[in-house]
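Inspection log for the structure reproduced underneath, given as structure tokens.
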Amino acid sequence: MSQELVLDNRLESAKSTAWWLYIIHAVSFIFSLGLFSVLPLAVNYLQRPSTEGTFVHTHHSWMIRSFWWYVVFVAIGAVLFVTIIGIPLAYLVWLGAWLWKAYRLISGILRLNRNEAAAL
């Protein structure tokens, strides 16, 4: 017996919104290293309650958590950068944060396209 996911108009609209938010997060991430991701983050916070009980809800939470953890990693890198000895380590932390955030964005959009919940 195969499982079939039935998407109603509300869910399809929520999925489309989440897809565009992934794209805006990614564009902001590429061109400003995430500085302008505050704008789609605000939309994530506004849209998340209306998607309660759907797989799209997990994607909003995924993007929100990705943003805040990325901020934490960048801040750790900034603290390390202040010290002379920590500068090489700061660059490693920033590179790791960049790769991690890229993975989160790619993984999330692929799961959304397959109508799967984000791995929380």
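Residue numbering restarts at 1 in every chain; chains get A, B, ... in the order shown in the structure tokens, and ligands count up from 1 in that same order.
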Residues flagged alpha helix (DSSP H) by DSSP in range 18-111 of chain A, as a PyMOL selection string: chain A and resi 18-32+38-47+55-82+87-111
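Distances from A:Leu99, A:Trp69, A:Ile30, A:Ala14 to Asn44 in chain A were compared using only C-alpha atoms, and the smallest one belongs to A:Ala14.
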Proximity to Gln47 in chain A - best of A:His25, A:Arg65, A:His59, A:Arg111, only C-alpha atoms: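 Of all the options, A:His59 lies closest to Gln47 in chain A.
With only C-alpha atoms as the atoms that count, the residue of A:His60, A:Glu116, A:Glu12, A:Trp94 with the shortest distance to Ala42 in chain A is A:His60.
Distance check against Thr17 in chain A using only C-alpha atoms: of A:Phe67, A:Ser50, A:Leu35, A:Leu120, the minimum falls on A:Ser50.
Nearest-residue note for Leu105 in chain A: choosing from A:Phe31, A:Tyr45, A:Trp62, A:Phe36, the minimum distance belongs to A:Trp62, counting only C-alpha atoms.
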Pairwise distance for CA of Gly34 in chain A and CA of Tyr70 in chain A, rounded to one decimal in Å: 8.5 Å
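Using only C-alpha atoms, the residues found no farther than 12 Å from Gly53 in chain A, other than those of its own chain fewer than 4 positions away, are A:Leu11, A:Ala14, A:Arg48, A:Pro49, A:His57, A:Thr58, A:His59, A:Ala117.
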What would the file look like if the residues just selected were written as an mmCIF file, in the first residue's frame with N, CA, C and O atoms?
data_model
loop_
_atom_site.group_PDB
_atom_site.id
_atom_site.type_symbol
_atom_site.label_atom_id
_atom_site.label_comp_id
_atom_site.auth_asym_id
_atom_site.auth_seq_id
_atom_site.Cartn_x
_atom_site.Cartn_y
_atom_site.Cartn_z
ATOM 1 N N LEU A 11 -1.999 24.377 2.737
ATOM 2 C CA LEU A 11 -0.706 23.726 2.922
ATOM 3 C C LEU A 11 0.228 24.021 1.751
ATOM 4 O O LEU A 11 1.415 24.267 1.939
ATOM 5 N N ALA A 14 1.534 27.473 2.247
ATOM 6 C CA ALA A 14 2.530 27.501 3.323
ATOM 7 C C ALA A 14 3.842 26.898 2.846
ATOM 8 O O ALA A 14 4.925 27.400 3.170
ATOM 9 N N ARG A 48 5.149 30.751 11.240
ATOM 10 C CA ARG A 48 5.203 29.466 11.945
ATOM 11 C C ARG A 48 3.910 29.104 12.670
ATOM 12 O O ARG A 48 3.454 27.960 12.551
ATOM 13 N N PRO A 49 3.263 30.012 13.395
ATOM 14 C CA PRO A 49 2.025 29.597 14.088
ATOM 15 C C PRO A 49 0.916 29.133 13.143
ATOM 16 O O PRO A 49 0.138 28.240 13.484
ATOM 17 N N HIS A 57 5.648 23.426 9.381
ATOM 18 C CA HIS A 57 5.978 24.023 10.683
ATOM 19 C C HIS A 57 7.419 23.692 11.074
ATOM 20 O O HIS A 57 8.146 24.549 11.575
ATOM 21 N N THR A 58 7.828 22.457 10.831
ATOM 22 C CA THR A 58 9.188 22.055 11.189
ATOM 23 C C THR A 58 10.230 22.808 10.363
ATOM 24 O O THR A 58 11.330 23.054 10.836
ATOM 25 N N HIS A 59 9.874 23.180 9.148
ATOM 26 C CA HIS A 59 10.817 23.912 8.304
ATOM 27 C C HIS A 59 11.030 25.335 8.814
ATOM 28 O O HIS A 59 12.144 25.853 8.759
ATOM 29 N N ALA A 117 9.194 16.441 6.644
ATOM 30 C CA ALA A 117 9.467 17.362 7.753
ATOM 31 C C ALA A 117 10.969 17.575 7.869
ATOM 32 O O ALA A 117 11.761 16.703 7.534
#
Leu95 in chain A surroundings by only C-alpha atoms, 12 Å radius, close-in-sequence under 3 positions cut, as a count of residues only: 15
Which residue of A:Leu80, A:Ile85, A:Ala118, A:Ala97 approaches Phe29 in chain A most closely, using only C-alpha atoms: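 Among A:Leu80, A:Ile85, A:Ala118, A:Ala97, it is A:Ala97 that comes nearest to Phe29 in chain A.
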Between CA of Ser32 in chain A and CA of Leu46 in chain A - distance in Å to one decimal: 22.9 Å
